[in-house]
Amino acid sequence: MNPESLSFIFLSAFLINNFVLALFLGLCPFVGVSAKRDTAFNMSLATAFVMFVSSTCSYAINLVLTNFDLEFLRLISYIALIASSVQLVEMVLKKFSPVLFRALGIFLPLITTNCAILGVALFQTSRGYDFLQSVSFSLGAGAGFGLAIILMAGLREKLELSNLPNITQAAALSMMLAGILSLTFMGFAGLGTVA
Amino acid sequence: MATPNKKETPLTMDVFTAGLWKENPVFVMMLGLCPVLAVTNSVENSLAMGAASIFVLVCSNALVSALRNFIPKQVRITTYIIIIATFVTLVDYIIQAVSLDLYNKLGAFIQLIVVNCLILGRAEAYASKNSFTKSVISALGMGLGFTLALVMLGGVRELLGAGQLLGYQIFSTNFEPWIVMILPPGGFIVLGVWLLLINYVEEQRAEKIINEDAVPHNTAS
């Protein structure tokens, strides 16, 4: 497959270089919000949406910054952009789906500090993707984040029902589970590598 | 505005040592996990990441604490993020100037220090409420605790994954490196094992304290 093609970029962000399990981005919500499948699903929807909005906007901002030779402002403008798109999502959700808004609660503003989102913006810049490639990359990354967190939530719901020793409380066992998940995802590396 | 804190606790050694172990940002509070797992495939990377994080943490907490009476409450998070992003941009360019090799190894993770929840968390929870000196000292403690955790992970992963420590060969050449330790799954598994170990030690200690308390009580009765 051509590594520049849109489908390959999507697949690579989705499975091969999964944002959570291979690149270690967005671990805080991955550990924090993966206790229940419903919340995990809603969280992944909101994250994917913010990712899409901020990735398209950061593409435009990068064009402007490069035009004026202001690359050193890139990080600051990206983070301001992400903070405002989270605010935007918050307002839209509050208006059109108050139920979902309440279900997500505190996790919505916390999307701002989700490194997966800044990661998408930074990676697409450093890899020099054009507009369509950026869109495909952000969609793939959002789907990959959702896949990982929902799989993890399913596993943790099963763990709730089993009898475990005391020392595996809190995050210790989640980390081991994530390790095994990550090991299985490495199998997708056979599909091809990305530079 | 400009109201001095009423409950300013005195500056003790605890302010510094809390971050080292008792409230270790990684093992106890589970903050800033992304860089912890992503860059700890060798001790060298861990140290560099730790140093960069300490710099950003101390500088941004110092500035946040110095400006804490001037930042309006409504926009404080945005202000903190911008302060942090400024220092991260600095670190990013400094590392690029000092060692391009190291910069390429750490990749985007230098810039991703911006969204390290540890730094924003300390700014919000500590520096915005405490005096300049205390914030700096506490940030230093937290940063060292973070670096300690990074090195603990990086040490195990480099030793098992490459048979080396800081680039020196530790095991003989017959040793077959556990490649998986350097790859992503190794990060999760090593952190999981460390957490299990720490939980075990804490549990043993708690039991010991309970037993010691119980013994004199029994002899007295």
# chains A, B, ... in the order shown; residues from 1 in each chain; ligands from 1
>>> residues_around(residues="A:Leu73", least_positions_apart="2", cutoff="10 Å", atoms="only C-alpha atoms", output="PDB file with N, CA and C atoms, in the first residue's frame")
ATOM      1  N   ASN A  62      -1.425  26.564  10.986  1.00  0.00           N
ATOM      2  CA  ASN A  62      -0.038  26.303  10.610  1.00  0.00           C
ATOM      3  C   ASN A  62       0.309  27.009   9.305  1.00  0.00           C
ATOM      4  N   LEU A  65       0.904  30.638  10.178  1.00  0.00           N
ATOM      5  CA  LEU A  65       2.152  30.838  10.921  1.00  0.00           C
ATOM      6  C   LEU A  65       3.368  30.671  10.016  1.00  0.00           C
ATOM      7  N   ASP A  69       6.426  33.355   9.094  1.00  0.00           N
ATOM      8  CA  ASP A  69       7.646  32.942   9.792  1.00  0.00           C
ATOM      9  C   ASP A  69       7.509  32.997  11.304  1.00  0.00           C
ATOM     10  N   LEU A  70       6.390  32.512  11.811  1.00  0.00           N
ATOM     11  CA  LEU A  70       6.161  32.578  13.260  1.00  0.00           C
ATOM     12  C   LEU A  70       6.078  31.174  13.865  1.00  0.00           C
ATOM     13  N   GLU A  71       6.891  30.231  13.346  1.00  0.00           N
ATOM     14  CA  GLU A  71       6.747  28.843  13.787  1.00  0.00           C
ATOM     15  C   GLU A  71       6.903  28.654  15.290  1.00  0.00           C
ATOM     16  N   LEU A  75       3.214  25.985  19.149  1.00  0.00           N
ATOM     17  CA  LEU A  75       2.733  25.241  20.306  1.00  0.00           C
ATOM     18  C   LEU A  75       1.668  26.026  21.054  1.00  0.00           C
ATOM     19  N   ILE A  76       1.960  27.319  21.284  1.00  0.00           N
ATOM     20  CA  ILE A  76       1.033  28.153  22.052  1.00  0.00           C
ATOM     21  C   ILE A  76      -0.293  28.307  21.311  1.00  0.00           C
ATOM     22  N   SER A  77      -0.225  28.504  19.969  1.00  0.00           N
ATOM     23  CA  SER A  77      -1.494  28.688  19.265  1.00  0.00           C
ATOM     24  C   SER A  77      -2.268  27.379  19.185  1.00  0.00           C
ATOM     25  N   TYR A  78      -1.585  26.238  19.060  1.00  0.00           N
ATOM     26  CA  TYR A  78      -2.303  24.965  19.031  1.00  0.00           C
ATOM     27  C   TYR A  78      -3.056  24.748  20.333  1.00  0.00           C
TER      28      TYR A  78
ATOM     29  N   ALA B  85       3.112  26.626  28.198  1.00  0.00           N
ATOM     30  CA  ALA B  85       3.490  26.474  26.787  1.00  0.00           C
ATOM     31  C   ALA B  85       4.717  27.325  26.455  1.00  0.00           C
ATOM     32  N   THR B  86       4.805  28.504  27.081  1.00  0.00           N
ATOM     33  CA  THR B  86       5.966  29.359  26.833  1.00  0.00           C
ATOM     34  C   THR B  86       7.250  28.664  27.265  1.00  0.00           C
ATOM     35  N   THR B  89       8.158  25.748  25.010  1.00  0.00           N
ATOM     36  CA  THR B  89       8.779  26.201  23.760  1.00  0.00           C
ATOM     37  C   THR B  89      10.260  26.488  23.990  1.00  0.00           C
TER      38      THR B  89
END
>>> residues_around(residues="stretch 146-158 of chain A", least_positions_apart="3", cutoff="6 Å", atoms="only C-alpha atoms", output="PyMOL selection string")
chain A and resi 30+34-37+40+44+143+161
>>> write_last_selection(atoms="all heavy atoms", output="tab-separated table (two decimals), in the first residue's frame")
chain	number	residue	atom	x	y	z
A	30	PHE	N	-7.61	7.31	29.32
A	30	PHE	CA	-7.61	5.85	29.11
A	30	PHE	C	-7.68	5.12	30.44
A	30	PHE	O	-8.38	4.13	30.59
A	30	PHE	CB	-6.35	5.45	28.34
A	30	PHE	CG	-6.22	3.99	28.07
A	30	PHE	CD1	-7.10	3.37	27.21
A	30	PHE	CD2	-5.22	3.26	28.66
A	30	PHE	CE1	-6.98	2.02	26.95
A	30	PHE	CE2	-5.09	1.91	28.40
A	30	PHE	CZ	-5.97	1.29	27.55
A	34	SER	N	-12.15	4.67	31.81
A	34	SER	CA	-12.46	3.37	31.23
A	34	SER	C	-13.10	2.41	32.22
A	34	SER	O	-13.00	1.21	32.09
A	34	SER	CB	-11.19	2.75	30.64
A	34	SER	OG	-10.26	2.53	31.66
A	35	ALA	N	-13.78	2.95	33.26
A	35	ALA	CA	-14.37	2.04	34.23
A	35	ALA	C	-15.70	1.47	33.72
A	35	ALA	O	-16.06	0.34	34.03
A	35	ALA	CB	-14.57	2.74	35.56
A	36	LYS	N	-16.43	2.28	32.93
A	36	LYS	CA	-17.73	1.81	32.43
A	36	LYS	C	-17.79	1.99	30.92
A	36	LYS	O	-17.27	2.96	30.39
A	36	LYS	CB	-18.86	2.61	33.06
A	36	LYS	CG	-19.39	1.89	34.30
A	36	LYS	CD	-20.28	2.72	35.12
A	36	LYS	CE	-21.69	2.90	34.94
A	36	LYS	NZ	-22.05	4.13	35.72
A	37	ARG	N	-18.48	1.05	30.24
A	37	ARG	CA	-18.48	1.08	28.79
A	37	ARG	C	-19.24	2.28	28.23
A	37	ARG	O	-18.82	2.88	27.24
A	37	ARG	CB	-19.04	-0.22	28.23
A	37	ARG	CG	-17.99	-0.99	27.44
A	37	ARG	CD	-18.55	-2.26	26.89
A	37	ARG	NE	-19.21	-3.02	27.97
A	37	ARG	CZ	-19.87	-4.15	27.76
A	37	ARG	NH1	-19.97	-4.64	26.56
A	37	ARG	NH2	-20.44	-4.79	28.75
A	40	ALA	N	-17.17	5.38	28.55
A	40	ALA	CA	-16.03	5.27	27.65
A	40	ALA	C	-16.46	5.60	26.23
A	40	ALA	O	-15.76	6.31	25.50
A	40	ALA	CB	-15.45	3.87	27.71
A	44	SER	N	-15.19	8.75	24.04
A	44	SER	CA	-14.43	8.60	22.80
A	44	SER	C	-15.08	9.39	21.68
A	44	SER	O	-14.40	9.94	20.81
A	44	SER	CB	-14.29	7.13	22.42
A	44	SER	OG	-15.54	6.56	22.25
A	143	ALA	N	-10.80	7.30	15.99
A	143	ALA	CA	-11.36	5.95	16.02
A	143	ALA	C	-10.46	5.02	16.82
A	143	ALA	O	-10.94	4.18	17.59
A	143	ALA	CB	-11.52	5.44	14.59
A	161	LEU	N	-16.04	-8.24	38.37
A	161	LEU	CA	-16.79	-9.40	38.85
A	161	LEU	C	-15.88	-10.50	39.39
A	161	LEU	O	-16.35	-11.46	39.96
A	161	LEU	CB	-17.66	-9.96	37.72
A	161	LEU	CG	-18.66	-8.97	37.14
A	161	LEU	CD1	-19.32	-9.54	35.91
A	161	LEU	CD2	-19.70	-8.61	38.19
>>> interface_residues(of="chain B", to="chain A", cutoff="8 Å", atoms="only C-alpha atoms", output="ChimeraX atom specification")
/B:31-35,37-38,78,81-82,85-86,89,108,111-112,115-117,184-189,191-193,195-196,199-200,203
>>> select_by_dssp(residues="stretch 8-122 of chain B", states="helix (DSSP H, G or I)", output="ChimeraX atom specification")
/B:13-22,33-38,43-66,73-98,100-109,111-115,117-122
>>> residues_around(residues="B:Ala66", least_positions_apart="3", cutoff="8 Å", atoms="only C-alpha atoms", output="JSON, numbers by chain")
{"B": [62, 63, 69, 131, 132]}
>>> write_last_selection(atoms="C-alpha atoms", output="mmCIF file, in the first residue's frame")
data_model
loop_
_atom_site.group_PDB
_atom_site.id
_atom_site.type_symbol
_atom_site.label_atom_id
_atom_site.label_comp_id
_atom_site.auth_asym_id
_atom_site.auth_seq_id
_atom_site.Cartn_x
_atom_site.Cartn_y
_atom_site.Cartn_z
ATOM 1 C CA ALA B 62 7.301 29.953 40.173
ATOM 2 C CA LEU B 63 5.631 32.292 37.681
ATOM 3 C CA ASN B 69 -2.881 37.533 42.990
ATOM 4 C CA SER B 131 4.003 31.446 48.417
ATOM 5 C CA PHE B 132 6.758 31.725 45.845
#
>>> atom_distance(atom1="atom CA of A:Phe188", atom2="atom CA of A:Ala141")
15.1 Å
>>> closest_residue(among="B:Glu124, B:Glu23, B:Glu202, B:Asp92", to="B:Gly107", atoms="only C-alpha atoms")
B:Asp92
>>> residues_around(residues="B:Leu47", least_positions_apart="6", cutoff="9 Å", atoms="only C-alpha atoms", output="count of residues only")
6
>>> atom_distance(atom1="atom CA of B:Ile179", atom2="atom CA of B:Leu102")
21.2 Å
>>> decode(residues="stretch 38-52 of chain B", atoms="all heavy atoms", output="CSV table (one decimal), in the first residue's frame")
chain,number,residue,atom,x,y,z
B,38,ALA,N,6.3,6.6,27.4
B,38,ALA,CA,6.7,6.8,26.0
B,38,ALA,C,8.2,6.9,25.9
B,38,ALA,O,8.8,6.4,25.0
B,38,ALA,CB,6.0,8.0,25.4
B,39,VAL,N,8.9,7.6,26.8
B,39,VAL,CA,10.3,7.9,26.6
B,39,VAL,C,11.2,7.0,27.5
B,39,VAL,O,12.4,7.2,27.4
B,39,VAL,CB,10.6,9.4,26.8
B,39,VAL,CG1,9.9,10.2,25.9
B,39,VAL,CG2,10.4,9.8,28.2
B,40,THR,N,10.6,6.1,28.3
B,40,THR,CA,11.5,5.4,29.2
B,40,THR,C,12.1,4.1,28.6
B,40,THR,O,12.3,3.2,29.4
B,40,THR,CB,10.7,5.0,30.5
B,40,THR,OG1,9.6,4.4,30.1
B,40,THR,CG2,10.4,6.3,31.3
B,41,ASN,N,12.4,4.1,27.3
B,41,ASN,CA,13.1,2.9,26.9
B,41,ASN,C,14.6,2.9,27.2
B,41,ASN,O,15.2,1.9,26.9
B,41,ASN,CB,12.7,2.6,25.4
B,41,ASN,CG,12.8,3.9,24.6
B,41,ASN,OD1,13.4,4.9,25.0
B,41,ASN,ND2,12.3,3.9,23.4
B,42,SER,N,15.1,4.0,27.7
B,42,SER,CA,16.5,3.9,28.1
B,42,SER,C,16.7,5.0,29.3
B,42,SER,O,15.9,5.9,29.4
B,42,SER,CB,17.5,4.2,27.0
B,42,SER,OG,17.4,5.6,26.7
B,43,VAL,N,17.7,4.8,30.1
B,43,VAL,CA,17.9,5.7,31.2
B,43,VAL,C,18.2,7.1,30.8
B,43,VAL,O,17.8,8.0,31.3
B,43,VAL,CB,19.0,5.1,32.1
B,43,VAL,CG1,19.3,6.0,33.3
B,43,VAL,CG2,18.7,3.7,32.6
B,44,GLU,N,19.0,7.1,29.7
B,44,GLU,CA,19.4,8.4,29.2
B,44,GLU,C,18.2,9.3,28.8
B,44,GLU,O,18.1,10.4,29.2
B,44,GLU,CB,20.3,8.2,27.9
B,44,GLU,CG,21.0,9.5,27.5
B,44,GLU,CD,21.6,9.3,26.1
B,44,GLU,OE1,21.5,8.2,25.5
B,44,GLU,OE2,22.1,10.3,25.6
B,45,ASN,N,17.3,8.7,28.0
B,45,ASN,CA,16.1,9.4,27.7
B,45,ASN,C,15.3,9.8,28.9
B,45,ASN,O,14.7,10.9,29.0
B,45,ASN,CB,15.2,8.5,26.8
B,45,ASN,CG,15.7,8.3,25.4
B,45,ASN,OD1,16.8,8.9,25.1
B,45,ASN,ND2,15.1,7.6,24.6
B,46,SER,N,15.2,8.9,29.9
B,46,SER,CA,14.4,9.2,31.1
B,46,SER,C,15.0,10.4,31.8
B,46,SER,O,14.2,11.3,32.2
B,46,SER,CB,14.4,8.0,32.0
B,46,SER,OG,14.2,6.8,31.4
B,47,LEU,N,16.3,10.4,31.9
B,47,LEU,CA,17.0,11.6,32.6
B,47,LEU,C,16.7,12.9,31.8
B,47,LEU,O,16.4,13.9,32.5
B,47,LEU,CB,18.5,11.3,32.7
B,47,LEU,CG,18.9,10.3,33.8
B,47,LEU,CD1,20.4,10.1,33.8
B,47,LEU,CD2,18.5,10.9,35.2
B,48,ALA,N,16.8,12.8,30.5
B,48,ALA,CA,16.6,14.0,29.7
B,48,ALA,C,15.2,14.5,29.9
B,48,ALA,O,14.9,15.7,30.1
B,48,ALA,CB,16.9,13.8,28.3
B,49,MET,N,14.2,13.6,29.8
B,49,MET,CA,12.8,14.0,30.0
B,49,MET,C,12.6,14.5,31.4
B,49,MET,O,11.9,15.5,31.5
B,49,MET,CB,12.0,12.7,29.8
B,49,MET,CG,10.5,13.0,29.7
B,49,MET,SD,10.2,14.0,28.2
B,49,MET,CE,8.6,14.5,28.6
B,50,GLY,N,13.2,13.9,32.4
B,50,GLY,CA,13.0,14.3,33.8
B,50,GLY,C,13.6,15.7,33.9
B,50,GLY,O,12.9,16.6,34.5
B,51,ALA,N,14.7,16.0,33.4
B,51,ALA,CA,15.3,17.3,33.5
B,51,ALA,C,14.5,18.4,32.8
B,51,ALA,O,14.2,19.4,33.4
B,51,ALA,CB,16.7,17.3,32.9
B,52,ALA,N,14.0,18.0,31.6
B,52,ALA,CA,13.1,19.0,30.9
B,52,ALA,C,11.8,19.3,31.7
B,52,ALA,O,11.4,20.4,31.9
B,52,ALA,CB,12.7,18.5,29.5
